[in-house]
2 protein chains.
Amino acid sequence: MKPAEGNATNHCICPRYKYAVQLLGKRWTGLILATLLHGPKRFGEITMAVEGLSDRMLSDRMRELEGEGIVERVVYPDIPVRVEYHLTDKGHNLEPVIEAIHQWAKQWIPSDSQIC
Amino acid sequence: MKPAEGNATNHCICPRYKYAVQLLGKRWTGLILATLLHGPKRFGEITMAVEGLSDRMLSDRMRELEGEGIVERVVYPDIPVRVEYHLTDKGHNLEPVIEAIHQWAKQWIPSDSQIC
């Protein structure tokens, strides 16, 4: 069957892009990743850096990001035990995404913007 | 007062970045923008391109994106009237963000990934 002409401008969205957008767009994820780009962090350092992020929500997000291979939980056998969260290579490779959002925001978002 | 030493690694998140992440991370927004980057679209062409996106949700998102100055609704006085949605300059400037997500997804997301 011949495709309908009206579909000529109907570009298909790449399923990988769709997956990435849904993953990275989840509430808090972009902020957690921006925080970890500065270097490994302890759990409490992340909640401190991301205003409004609860322990429970961070815990959920970290489990998800670990499951996706974006974040790695590293346990150091100090006394007391020290646990830090690192970006993996897959996570570090998100730097151009985060940088591009930063650049756009710097150009287009007024400095006094508030979002609910 | 001297800042606590423990804050040495506590980088502040830029409020503009936070605003941009929250805006762009909303469900469907990244997919709608990717669709409009290919060129102006009618309402029905967008819902056709973005699987699962309802008329109601697209309507909400478009209102928000128009309010943010990212999308413009253009009415052509044809018979019947033709309405198309365009990206503004602010919207077109999101191309590096969308392109960076595409590149990352191409490298790191398996082609058979499904997200709920």
# chains A, B, ... in the order shown; residues from 1 in each chain; ligands from 1

$ interface_residues --of "chain B" --to "chain A" --cutoff "9 Å" --atoms "only C-alpha atoms" --output "mmCIF file with N, CA and C atoms, in the first residue's frame"
data_model
loop_
_atom_site.group_PDB
_atom_site.id
_atom_site.type_symbol
_atom_site.label_atom_id
_atom_site.label_comp_id
_atom_site.auth_asym_id
_atom_site.auth_seq_id
_atom_site.Cartn_x
_atom_site.Cartn_y
_atom_site.Cartn_z
ATOM 1 N N GLY B 6 33.287 21.026 55.183
ATOM 2 C CA GLY B 6 32.582 19.954 54.477
ATOM 3 C C GLY B 6 31.901 20.433 53.206
ATOM 4 N N ASN B 7 31.732 21.755 53.086
ATOM 5 C CA ASN B 7 31.072 22.290 51.895
ATOM 6 C C ASN B 7 32.016 22.490 50.717
ATOM 7 N N THR B 9 33.206 20.636 48.572
ATOM 8 C CA THR B 9 32.842 19.976 47.315
ATOM 9 C C THR B 9 31.374 20.224 46.955
ATOM 10 N N ASN B 10 30.727 21.111 47.698
ATOM 11 C CA ASN B 10 29.304 21.342 47.478
ATOM 12 C C ASN B 10 29.081 22.454 46.445
ATOM 13 N N HIS B 11 29.218 22.097 45.155
ATOM 14 C CA HIS B 11 29.051 23.086 44.098
ATOM 15 C C HIS B 11 27.583 23.475 43.980
ATOM 16 N N CYS B 12 27.354 24.735 43.854
ATOM 17 C CA CYS B 12 25.995 25.235 43.708
ATOM 18 C C CYS B 12 25.523 24.968 42.280
ATOM 19 N N ILE B 13 24.258 24.595 42.150
ATOM 20 C CA ILE B 13 23.710 24.388 40.812
ATOM 21 C C ILE B 13 23.155 25.707 40.295
ATOM 22 N N CYS B 14 23.571 26.087 39.109
ATOM 23 C CA CYS B 14 23.127 27.338 38.489
ATOM 24 C C CYS B 14 21.597 27.328 38.358
ATOM 25 N N PRO B 15 20.914 28.351 38.882
ATOM 26 C CA PRO B 15 19.439 28.366 38.837
ATOM 27 C C PRO B 15 18.891 28.345 37.410
ATOM 28 N N ARG B 16 19.632 28.945 36.468
ATOM 29 C CA ARG B 16 19.158 28.920 35.078
ATOM 30 C C ARG B 16 19.212 27.499 34.506
ATOM 31 N N TYR B 17 20.284 26.775 34.852
ATOM 32 C CA TYR B 17 20.400 25.369 34.415
ATOM 33 C C TYR B 17 19.248 24.563 35.012
ATOM 34 N N LYS B 18 18.982 24.799 36.293
ATOM 35 C CA LYS B 18 17.910 24.085 36.994
ATOM 36 C C LYS B 18 16.568 24.356 36.298
ATOM 37 N N TYR B 19 16.328 25.606 35.973
ATOM 38 C CA TYR B 19 15.081 25.982 35.298
ATOM 39 C C TYR B 19 14.986 25.261 33.942
ATOM 40 N N ALA B 20 16.087 25.296 33.197
ATOM 41 C CA ALA B 20 16.098 24.690 31.861
ATOM 42 C C ALA B 20 15.873 23.179 31.941
ATOM 43 N N VAL B 21 16.525 22.526 32.896
ATOM 44 C CA VAL B 21 16.383 21.074 33.043
ATOM 45 C C VAL B 21 14.936 20.720 33.386
ATOM 46 N N GLN B 22 14.334 21.512 34.273
ATOM 47 C CA GLN B 22 12.960 21.217 34.672
ATOM 48 C C GLN B 22 11.984 21.470 33.526
ATOM 49 N N LEU B 23 12.277 22.486 32.741
ATOM 50 C CA LEU B 23 11.418 22.799 31.594
ATOM 51 C C LEU B 23 11.561 21.729 30.490
ATOM 52 N N LEU B 24 12.790 21.447 30.128
ATOM 53 C CA LEU B 24 13.040 20.525 29.003
ATOM 54 C C LEU B 24 12.779 19.075 29.383
ATOM 55 N N GLY B 25 12.856 18.806 30.702
ATOM 56 C CA GLY B 25 12.699 17.421 31.150
ATOM 57 C C GLY B 25 11.245 16.993 31.274
ATOM 58 N N LYS B 26 10.318 17.922 31.117
ATOM 59 C CA LYS B 26 8.901 17.536 31.266
ATOM 60 C C LYS B 26 8.520 16.501 30.224
ATOM 61 N N ARG B 27 7.671 15.593 30.661
ATOM 62 C CA ARG B 27 7.235 14.506 29.778
ATOM 63 C C ARG B 27 6.760 15.056 28.439
ATOM 64 N N TRP B 28 7.236 14.479 27.363
ATOM 65 C CA TRP B 28 6.895 14.792 25.969
ATOM 66 C C TRP B 28 7.669 15.970 25.381
ATOM 67 N N THR B 29 8.157 16.877 26.230
ATOM 68 C CA THR B 29 8.752 18.102 25.681
ATOM 69 C C THR B 29 9.941 17.810 24.756
ATOM 70 N N GLY B 30 10.837 16.942 25.187
ATOM 71 C CA GLY B 30 12.008 16.611 24.360
ATOM 72 C C GLY B 30 11.620 15.980 23.032
ATOM 73 N N LEU B 31 10.512 15.250 23.033
ATOM 74 C CA LEU B 31 10.067 14.592 21.801
ATOM 75 C C LEU B 31 9.375 15.599 20.872
ATOM 76 N N ALA B 34 12.112 17.755 19.288
ATOM 77 C CA ALA B 34 12.850 17.028 18.241
ATOM 78 C C ALA B 34 12.025 16.989 16.952
ATOM 79 N N THR B 35 10.719 16.836 17.104
ATOM 80 C CA THR B 35 9.832 16.800 15.934
ATOM 81 C C THR B 35 9.809 18.155 15.227
ATOM 82 N N HIS B 38 12.633 19.448 12.739
ATOM 83 C CA HIS B 38 12.603 19.072 11.317
ATOM 84 C C HIS B 38 11.850 20.105 10.480
ATOM 85 N N GLY B 39 11.136 21.004 11.150
ATOM 86 C CA GLY B 39 10.379 22.018 10.405
ATOM 87 C C GLY B 39 9.023 22.229 11.052
ATOM 88 N N LYS B 41 5.156 22.259 11.994
ATOM 89 C CA LYS B 41 4.204 21.139 11.936
ATOM 90 C C LYS B 41 2.805 21.610 12.345
ATOM 91 N N GLU B 45 0.087 16.610 13.023
ATOM 92 C CA GLU B 45 1.353 16.002 12.575
ATOM 93 C C GLU B 45 2.254 15.695 13.768
ATOM 94 N N ILE B 46 2.142 16.536 14.802
ATOM 95 C CA ILE B 46 2.974 16.307 15.993
ATOM 96 C C ILE B 46 2.473 15.081 16.757
ATOM 97 N N MET B 48 0.932 12.661 15.553
ATOM 98 C CA MET B 48 1.210 11.487 14.727
ATOM 99 C C MET B 48 2.675 11.058 14.878
ATOM 100 N N ALA B 49 3.569 12.047 15.010
ATOM 101 C CA ALA B 49 5.000 11.745 15.089
ATOM 102 C C ALA B 49 5.407 11.228 16.466
ATOM 103 N N VAL B 50 4.691 11.661 17.509
ATOM 104 C CA VAL B 50 5.071 11.283 18.873
ATOM 105 C C VAL B 50 4.079 10.250 19.399
ATOM 106 N N GLU B 51 4.473 9.017 19.351
ATOM 107 C CA GLU B 51 3.592 7.903 19.731
ATOM 108 C C GLU B 51 3.149 8.034 21.188
ATOM 109 N N LYS B 90 14.731 31.013 20.065
ATOM 110 C CA LYS B 90 15.030 30.373 21.359
ATOM 111 C C LYS B 90 14.869 28.850 21.251
ATOM 112 N N ASN B 93 17.599 27.305 19.032
ATOM 113 C CA ASN B 93 18.868 27.240 19.757
ATOM 114 C C ASN B 93 18.981 26.011 20.654
ATOM 115 N N LEU B 94 17.919 25.242 20.760
ATOM 116 C CA LEU B 94 17.995 23.983 21.524
ATOM 117 C C LEU B 94 18.583 22.843 20.685
ATOM 118 N N PRO B 96 21.622 22.169 19.666
ATOM 119 C CA PRO B 96 22.807 21.494 20.222
ATOM 120 C C PRO B 96 22.465 20.565 21.395
ATOM 121 N N VAL B 97 21.434 20.908 22.170
ATOM 122 C CA VAL B 97 21.035 20.044 23.293
ATOM 123 C C VAL B 97 20.483 18.731 22.731
ATOM 124 N N ILE B 98 19.582 18.856 21.783
ATOM 125 C CA ILE B 98 18.927 17.676 21.209
ATOM 126 C C ILE B 98 19.943 16.821 20.454
ATOM 127 N N GLU B 99 20.857 17.492 19.774
ATOM 128 C CA GLU B 99 21.896 16.773 19.036
ATOM 129 C C GLU B 99 22.832 16.024 20.009
ATOM 130 N N ALA B 100 23.158 16.669 21.135
ATOM 131 C CA ALA B 100 24.043 16.016 22.121
ATOM 132 C C ALA B 100 23.362 14.787 22.725
ATOM 133 N N ILE B 101 22.069 14.873 22.974
ATOM 134 C CA ILE B 101 21.337 13.712 23.507
ATOM 135 C C ILE B 101 21.321 12.595 22.450
ATOM 136 N N HIS B 102 21.084 12.974 21.198
ATOM 137 C CA HIS B 102 21.106 12.002 20.097
ATOM 138 C C HIS B 102 22.443 11.255 20.033
ATOM 139 N N GLN B 103 23.518 12.022 20.103
ATOM 140 C CA GLN B 103 24.857 11.420 20.003
ATOM 141 C C GLN B 103 25.102 10.466 21.160
ATOM 142 N N TRP B 104 24.743 10.898 22.355
ATOM 143 C CA TRP B 104 24.948 10.055 23.537
ATOM 144 C C TRP B 104 24.111 8.778 23.416
ATOM 145 N N ALA B 105 22.859 8.944 23.008
ATOM 146 C CA ALA B 105 21.950 7.799 22.889
ATOM 147 C C ALA B 105 22.471 6.806 21.849
ATOM 148 N N LYS B 106 23.010 7.335 20.751
ATOM 149 C CA LYS B 106 23.522 6.474 19.678
ATOM 150 C C LYS B 106 24.690 5.643 20.184
ATOM 151 N N GLN B 107 25.488 6.273 21.064
ATOM 152 C CA GLN B 107 26.657 5.555 21.568
ATOM 153 C C GLN B 107 26.321 4.583 22.697
ATOM 154 N N TRP B 108 25.364 4.951 23.545
ATOM 155 C CA TRP B 108 25.208 4.215 24.806
ATOM 156 C C TRP B 108 23.897 3.463 24.985
ATOM 157 N N ILE B 109 22.883 3.797 24.238
ATOM 158 C CA ILE B 109 21.592 3.141 24.459
ATOM 159 C C ILE B 109 21.411 2.012 23.441
ATOM 160 N N PRO B 110 21.197 0.788 23.920
ATOM 161 C CA PRO B 110 20.987 -0.304 22.980
ATOM 162 C C PRO B 110 19.741 -0.044 22.124
ATOM 163 N N SER B 111 19.768 -0.519 20.911
ATOM 164 C CA SER B 111 18.685 -0.159 19.980
ATOM 165 C C SER B 111 17.347 -0.801 20.351
ATOM 166 N N ASP B 112 17.360 -1.801 21.231
ATOM 167 C CA ASP B 112 16.095 -2.446 21.595
ATOM 168 C C ASP B 112 15.579 -1.995 22.967
ATOM 169 N N SER B 113 16.067 -0.853 23.449
ATOM 170 C CA SER B 113 15.660 -0.394 24.794
ATOM 171 C C SER B 113 14.221 0.053 24.844
ATOM 172 N N GLN B 114 13.582 -0.248 25.951
ATOM 173 C CA GLN B 114 12.201 0.180 26.215
ATOM 174 C C GLN B 114 12.179 0.841 27.572
ATOM 175 N N ILE B 115 11.511 1.951 27.690
ATOM 176 C CA ILE B 115 11.366 2.597 28.999
ATOM 177 C C ILE B 115 9.886 2.752 29.291
ATOM 178 N N CYS B 116 9.538 2.627 30.583
ATOM 179 C CA CYS B 116 8.103 2.769 30.873
ATOM 180 C C CYS B 116 7.838 4.158 31.414
#

$ calpha_fit_and_write --fixed "chain B" --moving "chain A" --output "CSV table (one decimal) with C-alpha atoms, in the first residue's frame"
chain,number,residue,atom,x,y,z
A,1,MET,CA,31.0,32.9,60.1
A,2,LYS,CA,33.6,30.6,58.4
A,3,PRO,CA,31.9,28.2,56.0
A,4,ALA,CA,32.1,24.5,57.1
A,5,GLU,CA,35.0,22.7,55.5
A,6,GLY,CA,32.6,19.9,54.4
A,7,ASN,CA,31.1,22.3,51.9
A,8,ALA,CA,34.3,22.5,49.9
A,9,THR,CA,32.9,20.1,47.3
A,10,ASN,CA,29.4,21.5,47.4
A,11,HIS,CA,29.1,23.2,44.0
A,12,CYS,CA,26.1,25.3,43.6
A,13,ILE,CA,23.8,24.5,40.7
A,14,CYS,CA,23.2,27.4,38.4
A,15,PRO,CA,19.5,28.4,38.8
A,16,ARG,CA,19.2,29.0,35.0
A,17,TYR,CA,20.4,25.4,34.3
A,18,LYS,CA,18.0,24.2,36.9
A,19,TYR,CA,15.1,26.0,35.2
A,20,ALA,CA,16.1,24.7,31.8
A,21,VAL,CA,16.4,21.1,33.0
A,22,GLN,CA,13.0,21.3,34.6
A,23,LEU,CA,11.4,22.8,31.6
A,24,LEU,CA,13.1,20.6,29.0
A,25,GLY,CA,12.7,17.5,31.1
A,26,LYS,CA,8.9,17.6,31.3
A,27,ARG,CA,7.3,14.5,29.8
A,28,TRP,CA,6.9,14.8,26.0
A,29,THR,CA,8.8,18.1,25.7
A,30,GLY,CA,12.0,16.6,24.3
A,31,LEU,CA,10.1,14.6,21.8
A,32,ILE,CA,7.9,17.5,20.7
A,33,LEU,CA,11.0,19.7,20.2
A,34,ALA,CA,12.8,17.0,18.2
A,35,THR,CA,9.8,16.8,15.9
A,36,LEU,CA,9.6,20.6,15.4
A,37,LEU,CA,13.4,20.8,14.6
A,38,HIS,CA,12.6,19.1,11.3
A,39,GLY,CA,10.3,22.0,10.4
A,40,PRO,CA,6.9,23.6,11.2
A,41,LYS,CA,4.2,21.1,11.9
A,42,ARG,CA,0.4,21.1,12.3
A,43,PHE,CA,-1.0,19.9,15.6
A,44,GLY,CA,-2.1,16.6,14.2
A,45,GLU,CA,1.3,16.0,12.6
A,46,ILE,CA,2.9,16.3,16.0
A,47,THR,CA,0.6,13.8,17.7
A,48,MET,CA,1.2,11.5,14.8
A,49,ALA,CA,5.0,11.7,15.1
A,50,VAL,CA,5.0,11.3,18.9
A,51,GLU,CA,3.6,7.9,19.8
A,52,GLY,CA,1.3,8.0,22.8
A,53,LEU,CA,1.0,11.7,23.0
A,54,SER,CA,-2.7,12.7,23.5
A,55,ASP,CA,-4.3,15.9,22.0
A,56,ARG,CA,-4.9,17.2,25.5
A,57,MET,CA,-1.3,16.7,26.6
A,58,LEU,CA,0.1,18.2,23.4
A,59,SER,CA,-2.2,21.2,23.9
A,60,ASP,CA,-0.9,21.7,27.4
A,61,ARG,CA,2.8,21.4,26.3
A,62,MET,CA,2.3,23.8,23.4
A,63,ARG,CA,0.7,26.4,25.6
A,64,GLU,CA,3.7,26.1,27.9
A,65,LEU,CA,6.3,26.2,25.1
A,66,GLU,CA,4.5,29.2,23.6
A,67,GLY,CA,4.5,30.9,27.0
A,68,GLU,CA,8.2,30.3,27.2
A,69,GLY,CA,8.8,31.8,23.8
A,70,ILE,CA,10.2,28.5,22.4
A,71,VAL,CA,7.3,27.7,20.0
A,72,GLU,CA,5.2,30.1,17.9
A,73,ARG,CA,1.7,29.3,16.7
A,74,VAL,CA,1.2,30.7,13.1
A,75,VAL,CA,-2.2,31.0,11.6
A,76,TYR,CA,-2.3,31.1,7.7
A,77,PRO,CA,-5.5,32.7,6.3
A,78,ASP,CA,-6.2,29.9,3.9
A,79,ILE,CA,-9.5,28.3,3.5
A,80,PRO,CA,-9.8,26.3,5.7
A,81,VAL,CA,-7.5,28.2,8.0
A,82,ARG,CA,-4.1,26.5,8.5
A,83,VAL,CA,-2.4,26.5,11.8
A,84,GLU,CA,1.3,25.5,12.2
A,85,TYR,CA,3.7,25.4,15.1
A,86,HIS,CA,7.2,26.8,14.5
A,87,LEU,CA,10.3,26.9,16.7
A,88,THR,CA,11.3,30.4,17.5
A,89,ASP,CA,15.0,31.4,17.6
A,90,LYS,CA,15.0,30.4,21.3
A,91,GLY,CA,13.6,27.0,20.2
A,92,HIS,CA,16.0,26.5,17.3
A,93,ASN,CA,18.9,27.2,19.7
A,94,LEU,CA,18.0,24.0,21.5
A,95,GLU,CA,19.4,22.1,18.5
A,96,PRO,CA,22.8,21.5,20.2
A,97,VAL,CA,21.0,20.1,23.2
A,98,ILE,CA,18.9,17.7,21.2
A,99,GLU,CA,21.9,16.8,19.0
A,100,ALA,CA,24.0,16.0,22.1
A,101,ILE,CA,21.3,13.7,23.5
A,102,HIS,CA,21.1,12.0,20.1
A,103,GLN,CA,24.9,11.4,20.0
A,104,TRP,CA,24.9,10.1,23.5
A,105,ALA,CA,21.9,7.8,22.9
A,106,LYS,CA,23.5,6.5,19.7
A,107,GLN,CA,26.7,5.6,21.6
A,108,TRP,CA,25.2,4.2,24.8
A,109,ILE,CA,21.6,3.1,24.5
A,110,PRO,CA,21.0,-0.3,23.0
A,111,SER,CA,18.7,-0.2,20.0
A,112,ASP,CA,16.1,-2.4,21.6
A,113,SER,CA,15.7,-0.4,24.8
A,114,GLN,CA,12.2,0.2,26.2
A,115,ILE,CA,11.4,2.6,29.0
A,116,CYS,CA,8.1,2.8,30.9

$ select_by_dssp --residues "range 19-56 of chain A" --states "helix (DSSP H, G or I)" --output "ChimeraX atom specification"
/A:19-24,29-37,43-49,55-56

$ select_by_dssp --residues "chain A" --states "strand (DSSP E)" --output "number ranges by chain"
A: 71-76, 82-87

$ write_last_selection --atoms "N, CA and C atoms" --output "compact mmCIF listing (two decimals), in the first residue's frame"
# COMPACT_ATOMS: atom_id res chain seq x y z
N VAL A 71 25.93 5.65 36.88
CA VAL A 71 26.56 5.97 38.17
C VAL A 71 27.06 4.68 38.80
N GLU A 72 28.18 4.80 39.52
CA GLU A 72 28.73 3.63 40.20
C GLU A 72 28.87 3.97 41.69
N ARG A 73 28.51 3.03 42.53
CA ARG A 73 28.62 3.22 43.98
C ARG A 73 29.92 2.56 44.42
N VAL A 74 30.82 3.33 44.99
CA VAL A 74 32.12 2.79 45.38
C VAL A 74 32.24 2.82 46.90
N VAL A 75 32.56 1.66 47.47
CA VAL A 75 32.70 1.55 48.93
C VAL A 75 34.18 1.49 49.27
N TYR A 76 34.65 2.44 50.09
CA TYR A 76 36.05 2.45 50.53
C TYR A 76 36.11 1.85 51.93
N ARG A 82 33.41 4.44 53.91
CA ARG A 82 33.07 5.63 53.13
C ARG A 82 32.47 5.16 51.80
N VAL A 83 31.32 5.73 51.46
CA VAL A 83 30.64 5.36 50.21
C VAL A 83 30.55 6.59 49.32
N GLU A 84 31.01 6.45 48.09
CA GLU A 84 30.92 7.58 47.16
C GLU A 84 30.27 7.15 45.86
N TYR A 85 29.63 8.12 45.23
CA TYR A 85 29.00 7.87 43.93
C TYR A 85 29.82 8.57 42.84
N HIS A 86 30.19 7.80 41.83
CA HIS A 86 31.00 8.29 40.70
C HIS A 86 30.18 8.17 39.43
N LEU A 87 30.48 9.01 38.47
CA LEU A 87 29.95 8.78 37.12
C LEU A 87 30.83 7.71 36.45
